[in-house]
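The next block is target.cif, given as mmCIF, C-alpha atoms.
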data_work
#
loop_
_atom_site.label_atom_id
_atom_site.label_comp_id
_atom_site.auth_asym_id
_atom_site.auth_seq_id
_atom_site.Cartn_x
_atom_site.Cartn_y
_atom_site.Cartn_z
CA MET A 1 0.00 0.00 0.00
CA THR A 2 1.28 3.45 -0.88
CA GLU A 3 0.09 6.20 1.42
CA LEU A 4 0.43 9.64 -0.10
CA VAL A 5 -0.54 11.39 3.10
CA GLU A 6 2.18 11.44 5.73
CA PRO A 7 0.90 9.51 8.71
CA ALA A 8 0.59 11.47 11.92
CA ALA A 9 2.84 10.55 14.80
CA ALA A 10 -0.07 8.70 16.35
CA GLN A 11 -3.08 7.37 14.45
CA ARG A 12 -6.01 8.21 16.65
CA TRP A 13 -8.73 6.29 14.89
CA CYS A 14 -8.98 2.87 13.29
CA ASP A 15 -9.36 3.34 9.53
CA ARG A 16 -11.72 0.38 9.26
CA CYS A 17 -14.15 0.64 12.18
CA GLY A 18 -13.67 4.30 13.12
CA GLU A 19 -13.20 3.51 16.81
CA PRO A 20 -10.26 4.82 18.88
CA ALA A 21 -7.11 3.11 17.64
CA ASP A 22 -5.54 2.80 21.07
CA THR A 23 -8.47 1.13 22.79
CA GLY A 24 -10.24 -2.09 21.97
CA ALA A 25 -9.04 -4.87 19.71
CA HIS A 26 -8.30 -4.02 16.11
CA ALA A 27 -6.56 -7.20 15.03
CA ALA A 28 -9.66 -8.23 13.06
CA CYS A 29 -9.75 -4.79 11.46
CA GLN A 30 -6.12 -5.10 10.43
CA ALA A 31 -6.77 -8.54 8.96
CA ALA A 32 -9.85 -7.32 7.11
CA ARG A 33 -7.92 -4.37 5.70
CA GLU A 34 -5.90 -6.79 3.60
CA LEU A 35 -8.98 -6.98 1.38
CA GLU A 36 -10.59 -3.60 2.08
CA PRO A 37 -9.66 0.03 1.52
CA PRO A 38 -9.71 2.37 4.52
CA ARG A 39 -13.05 3.96 5.35
CA TYR A 40 -12.28 6.38 8.19
CA CYS A 41 -9.62 9.07 8.41
CA THR A 42 -7.14 8.01 11.06
CA HIS A 43 -6.59 11.65 12.03
CA CYS A 44 -10.14 12.92 12.49
CA ARG A 45 -12.48 9.89 12.16
CA ARG A 46 -14.36 11.43 9.24
CA ARG A 47 -15.80 8.92 6.80
CA MET A 48 -13.76 9.24 3.63
CA LYS A 49 -14.88 9.23 0.00
CA VAL A 50 -13.37 6.03 -1.27
CA GLN A 51 -13.08 4.96 -4.89
CA VAL A 52 -11.98 1.42 -5.67
CA VAL A 53 -10.67 0.68 -9.17
CA PRO A 54 -9.39 -2.64 -10.55
CA THR A 55 -5.79 -2.01 -9.57
CA GLY A 56 -6.06 0.23 -6.52
CA TRP A 57 -8.06 2.64 -4.42
CA SER A 58 -8.12 6.27 -3.35
CA ALA A 59 -9.60 7.69 -0.16
CA VAL A 60 -10.26 11.36 0.41
CA CYS A 61 -10.76 13.09 3.75
CA VAL A 62 -12.08 16.62 3.31
CA GLU A 63 -9.73 17.80 6.04
CA HIS A 64 -6.63 15.63 5.63
CA GLY A 65 -6.46 14.97 1.91
CA GLU A 66 -6.05 11.88 -0.22
CA SER A 67 -4.38 8.57 0.38
CA ARG A 68 -3.97 5.81 -2.19
CA GLY A 69 -3.15 2.16 -2.31
CA MET B 1 -19.86 -43.51 -7.24
CA PRO B 2 -23.09 -41.80 -6.08
CA GLU B 3 -26.03 -42.34 -8.39
CA ILE B 4 -26.43 -38.63 -9.10
CA LEU B 5 -22.90 -38.41 -10.50
CA ASP B 6 -23.49 -41.43 -12.72
CA GLN B 7 -26.68 -39.79 -13.94
CA ALA B 8 -24.88 -36.48 -14.51
CA ARG B 9 -22.10 -38.15 -16.46
CA THR B 10 -24.60 -39.36 -19.04
CA GLN B 11 -27.10 -36.53 -18.94
CA VAL B 12 -24.80 -33.51 -18.60
CA LEU B 13 -21.40 -34.59 -19.86
CA ASP B 14 -22.52 -36.77 -22.74
CA ASN B 15 -25.76 -35.07 -23.72
CA GLY B 16 -25.31 -31.48 -22.52
CA VAL B 17 -28.56 -31.42 -20.58
CA GLY B 18 -28.28 -29.72 -17.19
CA LEU B 19 -29.44 -31.27 -13.94
CA ASP B 20 -32.86 -30.24 -12.65
CA GLU B 21 -33.52 -28.88 -9.15
CA ALA B 22 -33.64 -32.34 -7.55
CA GLY B 23 -30.39 -33.30 -9.22
CA VAL B 24 -28.68 -30.10 -8.10
CA LEU B 25 -29.88 -30.72 -4.55
CA ALA B 26 -28.44 -34.23 -4.64
CA VAL B 27 -25.06 -32.78 -5.64
CA LEU B 28 -25.25 -30.12 -2.93
CA ASN B 29 -25.93 -32.87 -0.40
CA LEU B 30 -23.03 -35.10 -1.46
CA PRO B 31 -20.82 -36.12 1.44
CA ASP B 32 -17.30 -34.70 1.55
CA GLU B 33 -15.69 -37.89 0.28
CA HIS B 34 -17.51 -37.52 -3.05
CA LEU B 35 -16.70 -33.83 -3.54
CA PRO B 36 -13.52 -34.50 -5.58
CA ALA B 37 -15.51 -36.70 -7.97
CA ALA B 38 -18.19 -34.02 -8.33
CA LEU B 39 -15.59 -31.36 -9.07
CA GLN B 40 -13.82 -33.61 -11.56
CA LEU B 41 -17.07 -34.27 -13.39
CA ALA B 42 -17.98 -30.57 -13.39
CA HIS B 43 -14.55 -29.81 -14.83
CA GLU B 44 -15.04 -32.37 -17.58
CA VAL B 45 -18.44 -30.83 -18.35
CA ARG B 46 -16.92 -27.37 -18.54
CA MET B 47 -14.13 -28.59 -20.83
CA ARG B 48 -16.55 -30.51 -23.06
CA TRP B 49 -19.21 -27.81 -23.45
CA CYS B 50 -17.25 -24.56 -22.95
CA GLY B 51 -13.65 -25.41 -23.71
CA PRO B 52 -10.43 -24.62 -21.86
CA GLU B 53 -10.55 -20.82 -22.23
CA VAL B 54 -11.14 -18.64 -19.20
CA GLU B 55 -12.90 -15.31 -19.62
CA VAL B 56 -11.22 -12.57 -17.62
CA GLU B 57 -13.08 -9.45 -16.54
CA GLY B 58 -12.49 -6.32 -14.55
CA ILE B 59 -15.25 -4.33 -12.85
CA VAL B 60 -15.50 -0.78 -11.62
CA SER B 61 -18.05 1.25 -9.72
CA LEU B 62 -19.17 4.31 -11.67
CA LYS B 63 -21.45 5.45 -8.89
CA THR B 64 -20.77 4.13 -5.41
CA GLY B 65 -23.02 4.20 -2.35
CA GLY B 66 -26.19 6.09 -1.60
CA CYS B 67 -28.44 3.44 -3.15
CA PRO B 68 -32.14 3.70 -2.20
CA GLU B 69 -32.60 -0.09 -2.19
CA ASP B 70 -32.18 -2.31 0.86
CA CYS B 71 -30.31 -5.37 -0.42
CA HIS B 72 -29.29 -6.73 2.97
CA PHE B 73 -25.81 -7.83 1.88
CA CYS B 74 -24.81 -4.53 0.32
CA SER B 75 -22.65 -1.86 1.93
CA GLN B 76 -23.78 0.62 -0.73
CA SER B 77 -27.34 0.90 0.48
CA GLY B 78 -28.09 4.35 1.85
CA LEU B 79 -30.50 2.74 4.31
CA PHE B 80 -27.84 1.11 6.48
CA THR B 81 -25.13 2.55 8.70
CA SER B 82 -22.36 1.38 6.40
CA PRO B 83 -19.14 3.44 6.24
CA VAL B 84 -19.34 3.54 2.43
CA ARG B 85 -19.95 7.09 1.20
CA SER B 86 -21.45 8.13 -2.10
CA VAL B 87 -18.93 8.92 -4.82
CA TRP B 88 -18.91 9.17 -8.63
CA LEU B 89 -16.07 8.16 -10.91
CA ASP B 90 -15.24 10.72 -13.60
CA ILE B 91 -14.78 9.78 -17.26
CA PRO B 92 -10.95 10.01 -17.39
CA ALA B 93 -10.71 7.74 -14.33
CA LEU B 94 -13.22 5.34 -15.91
CA VAL B 95 -11.17 5.13 -19.10
CA GLU B 96 -8.00 4.62 -17.06
CA ALA B 97 -9.67 1.75 -15.18
CA ALA B 98 -10.63 0.17 -18.52
CA LYS B 99 -7.03 0.52 -19.70
CA GLN B 100 -5.73 -1.11 -16.51
CA THR B 101 -8.18 -3.95 -17.01
CA ALA B 102 -7.27 -4.44 -20.67
CA ALA B 103 -3.58 -4.47 -19.72
CA THR B 104 -4.18 -7.69 -17.77
CA GLY B 105 -5.43 -9.34 -20.96
CA ALA B 106 -9.04 -9.17 -19.83
CA THR B 107 -11.69 -9.03 -22.54
CA GLU B 108 -14.53 -7.73 -20.39
CA PHE B 109 -14.96 -4.49 -18.48
CA CYS B 110 -18.15 -4.06 -16.51
CA ILE B 111 -19.34 -0.64 -15.42
CA VAL B 112 -21.49 -0.84 -12.30
CA ALA B 113 -23.67 1.71 -10.50
CA ALA B 114 -25.35 1.41 -7.11
CA VAL B 115 -28.84 2.50 -8.10
CA ARG B 116 -32.39 1.16 -8.28
CA GLY B 117 -32.24 2.00 -11.97
CA PRO B 118 -30.42 4.62 -14.00
CA ASP B 119 -31.60 8.23 -14.15
CA ALA B 120 -30.81 10.72 -16.90
CA ARG B 121 -27.54 11.79 -15.27
CA LEU B 122 -26.29 8.22 -15.06
CA MET B 123 -27.32 7.40 -18.63
CA LYS B 124 -25.45 10.50 -19.82
CA GLN B 125 -22.37 9.44 -17.86
CA MET B 126 -22.67 5.98 -19.40
CA ARG B 127 -23.02 7.33 -22.92
CA GLU B 128 -19.93 9.50 -22.54
CA GLY B 129 -17.98 6.85 -20.68
CA VAL B 130 -18.68 3.99 -23.07
CA ALA B 131 -17.84 6.19 -26.06
CA ALA B 132 -14.56 7.27 -24.44
CA ILE B 133 -13.61 3.67 -23.62
CA LYS B 134 -14.42 2.45 -27.11
CA ALA B 135 -12.31 5.23 -28.60
CA GLU B 136 -9.24 4.31 -26.56
CA VAL B 137 -9.41 0.73 -25.29
CA ASP B 138 -9.83 -2.66 -26.98
CA ILE B 139 -12.22 -4.30 -24.57
CA GLN B 140 -15.84 -5.40 -24.46
CA VAL B 141 -18.02 -3.16 -22.30
CA ALA B 142 -20.69 -4.57 -20.03
CA ALA B 143 -22.95 -2.72 -17.61
CA SER B 144 -24.83 -3.25 -14.37
CA LEU B 145 -27.15 -0.37 -13.58
CA GLY B 146 -30.09 -1.98 -11.83
CA MET B 147 -33.58 -2.23 -13.22
CA LEU B 148 -34.15 -0.80 -16.69
CA THR B 149 -36.97 0.52 -18.81
CA LYS B 150 -37.31 -0.68 -22.38
CA GLU B 151 -36.01 2.69 -23.58
CA GLN B 152 -32.92 2.37 -21.40
CA VAL B 153 -32.29 -1.15 -22.69
CA ASP B 154 -32.42 0.17 -26.24
CA GLU B 155 -30.12 3.06 -25.35
CA LEU B 156 -27.52 0.72 -23.88
CA VAL B 157 -27.63 -1.42 -27.03
CA GLU B 158 -27.11 1.71 -29.09
CA MET B 159 -24.11 2.67 -26.96
CA GLY B 160 -22.50 -0.68 -27.75
CA VAL B 161 -22.89 -2.31 -24.34
CA HIS B 162 -22.72 -6.00 -25.26
CA ARG B 163 -23.67 -7.66 -21.96
CA TYR B 164 -25.90 -6.59 -19.09
CA ASN B 165 -25.52 -7.83 -15.55
CA HIS B 166 -28.53 -7.99 -13.30
CA ASN B 167 -28.26 -10.57 -10.54
CA LEU B 168 -31.30 -12.29 -9.14
CA GLU B 169 -29.06 -12.67 -6.05
CA THR B 170 -30.93 -15.64 -4.60
CA CYS B 171 -33.88 -17.89 -5.30
CA ARG B 172 -37.39 -16.56 -5.64
CA SER B 173 -38.59 -18.07 -2.35
CA TYR B 174 -35.79 -16.47 -0.30
CA PHE B 175 -35.55 -13.12 -2.07
CA PRO B 176 -38.00 -11.29 0.25
CA ASN B 177 -35.65 -12.10 3.15
CA VAL B 178 -32.86 -10.27 1.35
CA VAL B 179 -34.54 -7.35 -0.42
CA THR B 180 -37.82 -5.64 0.44
CA THR B 181 -37.67 -2.51 -1.73
CA HIS B 182 -38.28 -4.36 -4.97
CA SER B 183 -39.26 -7.85 -6.04
CA TRP B 184 -37.57 -10.81 -7.68
CA GLU B 185 -40.13 -10.50 -10.45
CA GLU B 186 -39.10 -6.91 -11.19
CA ARG B 187 -35.55 -8.13 -11.69
CA TRP B 188 -36.77 -10.96 -13.89
CA GLU B 189 -38.65 -8.41 -16.04
CA THR B 190 -35.45 -6.44 -16.70
CA LEU B 191 -33.65 -9.66 -17.59
CA LYS B 192 -36.37 -10.53 -20.09
CA MET B 193 -36.04 -7.14 -21.79
CA VAL B 194 -32.26 -7.49 -21.92
CA ARG B 195 -32.56 -10.92 -23.51
CA GLU B 196 -35.05 -9.64 -26.10
CA SER B 197 -32.76 -6.75 -26.99
CA GLY B 198 -29.95 -9.03 -28.12
CA MET B 199 -27.59 -8.03 -25.33
CA GLU B 200 -26.00 -10.96 -23.55
CA VAL B 201 -27.58 -11.72 -20.19
CA CYS B 202 -25.34 -11.92 -17.14
CA CYS B 203 -27.19 -13.07 -14.06
CA GLY B 204 -26.00 -14.74 -10.90
CA GLY B 205 -26.11 -14.16 -7.22
CA ILE B 206 -24.62 -14.59 -3.81
CA LEU B 207 -24.41 -17.75 -1.75
CA GLY B 208 -24.40 -17.57 2.02
CA LEU B 209 -27.24 -15.10 2.52
CA GLY B 210 -28.97 -17.50 4.93
CA GLU B 211 -30.67 -19.55 2.26
CA SER B 212 -31.10 -23.29 2.81
CA VAL B 213 -29.40 -25.93 0.69
CA GLU B 214 -32.80 -26.57 -0.89
CA GLN B 215 -33.03 -22.89 -1.78
CA ARG B 216 -29.57 -23.01 -3.35
CA ALA B 217 -30.85 -25.80 -5.58
CA GLU B 218 -33.97 -23.77 -6.33
CA PHE B 219 -31.76 -20.84 -7.32
CA ALA B 220 -29.64 -22.94 -9.67
CA ALA B 221 -32.78 -24.27 -11.34
CA GLN B 222 -34.21 -20.78 -11.75
CA LEU B 223 -30.98 -19.55 -13.28
CA ALA B 224 -30.95 -22.54 -15.62
CA GLU B 225 -34.47 -21.63 -16.71
CA LEU B 226 -33.26 -18.11 -17.49
CA ASP B 227 -30.31 -19.61 -19.40
CA PRO B 228 -27.95 -16.66 -19.01
CA HIS B 229 -24.83 -16.24 -21.08
CA GLU B 230 -22.90 -15.72 -17.84
CA VAL B 231 -23.48 -16.57 -14.18
CA PRO B 232 -21.31 -14.70 -11.68
CA LEU B 233 -21.10 -16.66 -8.46
CA ASN B 234 -20.45 -14.59 -5.35
CA PHE B 235 -19.96 -15.79 -1.79
CA LEU B 236 -21.14 -13.47 0.95
CA ASN B 237 -18.42 -11.22 2.29
CA PRO B 238 -20.27 -9.88 5.35
CA ARG B 239 -20.05 -6.10 5.30
CA PRO B 240 -20.04 -4.03 8.48
CA GLY B 241 -23.23 -2.10 9.05
CA THR B 242 -25.42 -4.26 6.82
CA PRO B 243 -28.17 -6.57 8.12
CA LEU B 244 -26.05 -9.55 7.04
CA GLY B 245 -22.86 -8.12 8.52
CA ASP B 246 -22.63 -10.82 11.19
CA ARG B 247 -23.38 -13.84 9.03
CA PRO B 248 -20.69 -16.51 8.83
CA VAL B 249 -18.88 -16.99 5.55
CA VAL B 250 -19.71 -20.02 3.43
CA GLU B 251 -17.64 -23.11 4.26
CA GLY B 252 -15.07 -23.79 1.55
CA LYS B 253 -16.36 -27.29 0.81
CA ASP B 254 -19.94 -26.02 0.54
CA ALA B 255 -18.75 -23.34 -1.89
CA LEU B 256 -17.00 -25.97 -4.03
CA ARG B 257 -20.07 -28.22 -3.92
CA ALA B 258 -22.11 -25.26 -5.16
CA ILE B 259 -19.65 -24.57 -7.99
CA ALA B 260 -19.89 -28.16 -9.16
CA ALA B 261 -23.67 -28.22 -8.79
CA PHE B 262 -24.21 -24.95 -10.68
CA ARG B 263 -21.95 -26.17 -13.49
CA LEU B 264 -23.90 -29.43 -13.70
CA ALA B 265 -27.12 -27.40 -13.89
CA MET B 266 -25.76 -25.12 -16.63
CA PRO B 267 -23.19 -26.95 -18.73
CA ARG B 268 -22.73 -24.21 -21.34
CA THR B 269 -22.79 -21.00 -19.32
CA ILE B 270 -19.83 -18.82 -18.43
CA LEU B 271 -19.56 -19.55 -14.70
CA ARG B 272 -17.58 -16.76 -13.14
CA TYR B 273 -15.78 -16.46 -9.85
CA ALA B 274 -16.95 -13.12 -8.45
CA GLY B 275 -16.79 -11.56 -4.99
CA GLY B 276 -16.01 -13.35 -1.74
CA ARG B 277 -13.87 -16.17 -3.08
CA GLU B 278 -10.80 -14.82 -1.31
CA ILE B 279 -12.30 -15.23 2.16
CA THR B 280 -14.40 -18.32 1.40
CA LEU B 281 -11.92 -20.36 -0.59
CA GLY B 282 -8.48 -18.80 -0.30
CA ASP B 283 -5.75 -19.63 -2.80
CA LEU B 284 -6.14 -23.40 -2.74
CA GLY B 285 -9.90 -23.29 -3.04
CA THR B 286 -9.68 -20.84 -5.91
CA ARG B 287 -7.58 -23.39 -7.77
CA ASP B 288 -10.03 -26.18 -6.90
CA GLY B 289 -12.94 -24.16 -8.30
CA LEU B 290 -11.12 -23.54 -11.56
CA LEU B 291 -10.69 -27.31 -11.78
CA GLY B 292 -14.31 -27.85 -10.77
CA GLY B 293 -16.48 -25.99 -13.26
CA ILE B 294 -15.46 -22.32 -13.12
CA ASN B 295 -14.40 -20.85 -16.48
CA ALA B 296 -14.27 -17.10 -15.82
CA VAL B 297 -12.84 -14.78 -13.19
CA ILE B 298 -13.10 -11.20 -12.06
CA VAL B 299 -9.53 -10.06 -11.62
CA GLY B 300 -8.28 -7.26 -9.43
CA ASN B 301 -10.50 -5.35 -7.08
CA TYR B 302 -14.26 -5.43 -6.70
CA LEU B 303 -16.61 -2.48 -6.22
CA THR B 304 -15.94 -1.59 -2.59
CA THR B 305 -13.55 -4.34 -1.52
CA LEU B 306 -10.19 -5.55 -2.77
CA GLY B 307 -9.39 -8.78 -4.59
CA ARG B 308 -6.22 -10.73 -5.20
CA PRO B 309 -3.71 -8.99 -7.44
CA ALA B 310 -4.58 -9.76 -11.05
CA THR B 311 -1.08 -11.16 -11.52
CA ASP B 312 -1.81 -13.91 -8.97
CA ASP B 313 -4.86 -15.08 -10.87
CA LEU B 314 -3.13 -14.86 -14.22
CA LYS B 315 -0.22 -16.92 -12.89
CA LEU B 316 -2.69 -19.49 -11.58
CA LEU B 317 -4.32 -19.75 -15.01
CA ASP B 318 -0.88 -20.18 -16.53
CA ASP B 319 -0.01 -22.90 -14.00
CA LEU B 320 -3.26 -24.68 -14.82
CA LYS B 321 -2.57 -24.29 -18.56
CA MET B 322 -5.91 -22.57 -19.02
CA PRO B 323 -5.67 -19.95 -21.79
CA MET B 324 -7.38 -16.60 -21.38
CA LYS B 325 -10.18 -16.06 -23.86
CA ALA B 326 -8.97 -13.72 -26.60
CA LEU B 327 -10.86 -10.56 -27.48
CA SER B 328 -11.28 -11.84 -31.04
CA ALA B 329 -13.24 -14.80 -29.68
CA THR B 330 -15.77 -12.52 -28.02
CA LEU B 331 -16.58 -10.28 -30.99
#
Is it possible to express this structure as structure tokens?
Amino acid sequence: MTELVEPAAAQRWCDRCGEPADTGAHAACQAARELEPPRYCTHCRRRMKVQVVPTGWSAVCVEHGESRG
Amino acid sequence: MPEILDQARTQVLDNGVGLDEAGVLAVLNLPDEHLPAALQLAHEVRMRWCGPEVEVEGIVSLKTGGCPEDCHFCSQSGLFTSPVRSVWLDIPALVEAAKQTAATGATEFCIVAAVRGPDARLMKQMREGVAAIKAEVDIQVAASLGMLTKEQVDELVEMGVHRYNHNLETCRSYFPNVVTTHSWEERWETLKMVRESGMEVCCGGILGLGESVEQRAEFAAQLAELDPHEVPLNFLNPRPGTPLGDRPVVEGKDALRAIAAFRLAMPRTILRYAGGREITLGDLGTRDGLLGGINAVIVGNYLTTLGRPATDDLKLLDDLKMPMKALSATL
């Protein structure tokens, strides 16, 4: 995965379930992310606009910009 | 050898006549020890009536999310608390996706929209998008835009869309448990119009929605009655926030039994691996399905989830000495 947005020092939110990244179990989220694009911005928890194409994906947070994979 | 497989060898392999609902049910109920024989027979049927070629396809979502329908498996319904947001793909990105798909050697590119049926804006986007793809990319264009009017069917034909996907999703008796905002019969009506228009009919569904084994057999029989050119076979990938989000995935052996059974019901159709195979079958099961009746794959990503890299599937086809169908063979 190629992230165009520089990750913050600490990712506050899980990009799959949108819950706090430092509490709860996110192992299942991490496993699921192998076959899913991110849905939540890890910086602000906003739901992102995600476009999946045959060879990749892009996810846009209105506040924190675009990431791609 | 179970009696049903002996019967299928004569009826389906030798004579090309698919199993009926009772026969499909018997295959779906085969004990595990007879699964390899069922897959082997289904493979022989596929090779005899379809040949060794595998049709490769890529799909892309032109309009994602915000759908007014309530298909209980779908993360794109606007009626559930799914994290999927509404987004449109622009024409340059659509053409680029078609180019990426063609670069894999695929002959099919299916444009999909999460809608009840297309409105004027979507039809305009389709008209421009299909024209742009045809101007730049050597690939057959298919579409999946929900329920159509006769006028929309004719318009798609005029655009040069050669195949239309509209899944029945599940059997008639179980459909109301999966969708309440429209009926199975409404979908059937669109499929009839597509067939009459001369476009190829692509119609399949999803296994693992909570249907019984008997209902899986009912579904195969109903698809056989429709006699589609292509049947995409999906396995439920439970999506967070949907009513079926907590359902278990289909057991690998049940998925393989279904592949064999659907092939024995429809010896001549293009039976395509679609969504969910990665979590239901994994790498080994994917190979088993290709040696058990499957003769088409969706490569790369799906609409809202990711698939195996196309290169993995293409290498598998190469290992299995299964040639990809050439574009010239589809025209």
Inset, instruction - Kindly resolve the PyMOL selection byres ((chain B and resi 70-76) around 7) on the present coordinates and return the residues as a ChimeraX atom specification. - result: /B:64-69,77-79,82,84,114,178-181,238-239,242-244
Legend entry - Residue neighbourhood region 214-216 of chain B, 12 Å, all atoms listed in the file, exclusion window fewer than 4 positions, as JSON, numbers by chain: {"B": [21, 22, 23, 24, 25, 26, 27, 28, 29, 169, 170, 171, 172, 173, 174, 175, 204, 205, 206, 207, 208, 209, 210, 220, 221, 222, 223, 233, 254, 255, 257, 258, 259, 261, 262, 265]}
Write out as CSV a residue-level contact list of chain A versus chain B with cut-off 10 Å: for each qualifying residue the closest pair of atoms and the distance in Å to one decimal, counting all atoms listed in the file, rows sorted by chain and residue number upward.
residue,atom,partner,partner_atom,distance
A:Arg16,CA,B:Pro83,CA,8.6
A:Cys17,CA,B:Pro83,CA,8.2
A:Gly18,CA,B:Pro83,CA,8.8
A:Ala32,CA,B:Ile279,CA,9.6
A:Arg33,CA,B:Leu306,CA,8.8
A:Glu34,CA,B:Leu306,CA,7.8
A:Leu35,CA,B:Leu306,CA,4.6
A:Glu36,CA,B:Thr305,CA,4.7
A:Pro37,CA,B:Thr305,CA,6.6
A:Pro38,CA,B:Pro83,CA,9.6
A:Arg39,CA,B:Pro83,CA,6.2
A:Tyr40,CA,B:Pro83,CA,7.7
A:Arg46,CA,B:Pro83,CA,9.8
A:Arg47,CA,B:Pro83,CA,6.4
A:Met48,CA,B:Arg85,CA,7.0
A:Lys49,CA,B:Arg85,CA,5.6
A:Val50,CA,B:Arg85,CA,7.1
A:Gln51,CA,B:Val87,CA,7.1
A:Val52,CA,B:Thr304,CA,5.9
A:Val53,CA,B:Val60,CA,5.6
A:Pro54,CA,B:Asn301,CA,4.5
A:Thr55,CA,B:Gly300,CA,5.8
A:Gly56,CA,B:Asn301,CA,7.2
A:Trp57,CA,B:Leu306,CA,8.6
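Ranking B:Ile111, B:Leu148, B:Ala135, B:Ile4 by their shortest atom-to-atom distance to His34 (chain B), with all atoms listed in the file included, puts B:Ile4 first.
One finds CA of Glu225 (chain B) at 15.2 Å from CA of Val194 (chain B).
With all atoms listed in the file as the atoms that count, the minimum distance from Cys44 (chain A) to the choices A:Ala21, A:Cys29, A:Glu63, A:Ser58 is reached by A:Glu63.
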Legend entry - Result set of the PyMOL selection byres ((chain B and resi 197) around 8) on the coordinates above, as a PyMOL selection string: chain B and resi 153-154+157+193-196+198-199
Inset, instruction - Pull out every residue that the PyMOL selection byres ((chain B and resi 133) around 9) matches in the shown coordinates and put them as an MDAnalysis selection string. - result: chainID B and resid 91 94:96 98:99 128:132 134:139 141
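Shortest atom-to-atom contact with Asp319 (chain B) among B:Val231, B:Leu145, B:Arg272, B:Arg287: B:Arg287, counting all atoms listed in the file.
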Inset, instruction - Write out as a PyMOL selection string the residues lying within 12 Å of Gln152 (chain B), counting all atoms listed in the file and excluding same-chain residues fewer than 6 positions away. - result: chain B and resi 117-120+122-124+126-127+143+145-146+158-159+161+164+190+193-194+197
File dump, residues just selected, C-alpha atoms, as a tab-separated table (two decimals), in the coordinates of the input:
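The resulting file, out_28.tsv, is shown below:
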chain	number	residue	atom	x	y	z
B	117	GLY	CA	-32.24	2.00	-11.97
B	118	PRO	CA	-30.42	4.62	-14.00
B	119	ASP	CA	-31.60	8.23	-14.15
B	120	ALA	CA	-30.81	10.72	-16.90
B	122	LEU	CA	-26.29	8.22	-15.06
B	123	MET	CA	-27.32	7.40	-18.63
B	124	LYS	CA	-25.45	10.50	-19.82
B	126	MET	CA	-22.67	5.98	-19.40
B	127	ARG	CA	-23.02	7.33	-22.92
B	143	ALA	CA	-22.95	-2.72	-17.61
B	145	LEU	CA	-27.15	-0.37	-13.58
B	146	GLY	CA	-30.09	-1.98	-11.83
B	158	GLU	CA	-27.11	1.71	-29.09
B	159	MET	CA	-24.11	2.67	-26.96
B	161	VAL	CA	-22.89	-2.31	-24.34
B	164	TYR	CA	-25.90	-6.59	-19.09
B	190	THR	CA	-35.45	-6.44	-16.70
B	193	MET	CA	-36.04	-7.14	-21.79
B	194	VAL	CA	-32.26	-7.49	-21.92
B	197	SER	CA	-32.76	-6.75	-26.99
Inset, instruction - Compile the contact shell of Thr23 (chain A) as a PyMOL selection string: residues with an atom at most 12 Å away, counting all atoms listed in the file, same-chain residues fewer than 3 positions apart removed. - result: chain A and resi 11-14+18-20+26-27
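Counting from CA of Ala217 (chain B), the distance to CA of Asn295 (chain B) is 20.3 Å.
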Sel. within 12 Å of pt (-13.9, -19.7, -11.2), counting only C-alpha atoms, output as a CSV table (one decimal) with C-alpha atoms, keeping the file's coordinate frame:
chain,number,residue,atom,x,y,z
B,39,LEU,CA,-15.6,-31.4,-9.1
B,42,ALA,CA,-18.0,-30.6,-13.4
B,43,HIS,CA,-14.6,-29.8,-14.8
B,46,ARG,CA,-16.9,-27.4,-18.5
B,53,GLU,CA,-10.6,-20.8,-22.2
B,54,VAL,CA,-11.1,-18.6,-19.2
B,55,GLU,CA,-12.9,-15.3,-19.6
B,56,VAL,CA,-11.2,-12.6,-17.6
B,57,GLU,CA,-13.1,-9.4,-16.5
B,230,GLU,CA,-22.9,-15.7,-17.8
B,231,VAL,CA,-23.5,-16.6,-14.2
B,232,PRO,CA,-21.3,-14.7,-11.7
B,233,LEU,CA,-21.1,-16.7,-8.5
B,234,ASN,CA,-20.4,-14.6,-5.4
B,235,PHE,CA,-20.0,-15.8,-1.8
B,255,ALA,CA,-18.8,-23.3,-1.9
B,256,LEU,CA,-17.0,-26.0,-4.0
B,258,ALA,CA,-22.1,-25.3,-5.2
B,259,ILE,CA,-19.6,-24.6,-8.0
B,260,ALA,CA,-19.9,-28.2,-9.2
B,262,PHE,CA,-24.2,-25.0,-10.7
B,263,ARG,CA,-22.0,-26.2,-13.5
B,270,ILE,CA,-19.8,-18.8,-18.4
B,271,LEU,CA,-19.6,-19.6,-14.7
B,272,ARG,CA,-17.6,-16.8,-13.1
B,273,TYR,CA,-15.8,-16.5,-9.8
B,274,ALA,CA,-17.0,-13.1,-8.4
B,275,GLY,CA,-16.8,-11.6,-5.0
B,276,GLY,CA,-16.0,-13.4,-1.7
B,277,ARG,CA,-13.9,-16.2,-3.1
B,278,GLU,CA,-10.8,-14.8,-1.3
B,281,LEU,CA,-11.9,-20.4,-0.6
B,283,ASP,CA,-5.8,-19.6,-2.8
B,285,GLY,CA,-9.9,-23.3,-3.0
B,286,THR,CA,-9.7,-20.8,-5.9
B,287,ARG,CA,-7.6,-23.4,-7.8
B,288,ASP,CA,-10.0,-26.2,-6.9
B,289,GLY,CA,-12.9,-24.2,-8.3
B,290,LEU,CA,-11.1,-23.5,-11.6
B,291,LEU,CA,-10.7,-27.3,-11.8
B,292,GLY,CA,-14.3,-27.8,-10.8
B,293,GLY,CA,-16.5,-26.0,-13.3
B,294,ILE,CA,-15.5,-22.3,-13.1
B,295,ASN,CA,-14.4,-20.8,-16.5
B,296,ALA,CA,-14.3,-17.1,-15.8
B,297,VAL,CA,-12.8,-14.8,-13.2
B,298,ILE,CA,-13.1,-11.2,-12.1
B,299,VAL,CA,-9.5,-10.1,-11.6
B,313,ASP,CA,-4.9,-15.1,-10.9
B,316,LEU,CA,-2.7,-19.5,-11.6
B,317,LEU,CA,-4.3,-19.8,-15.0
B,322,MET,CA,-5.9,-22.6,-19.0
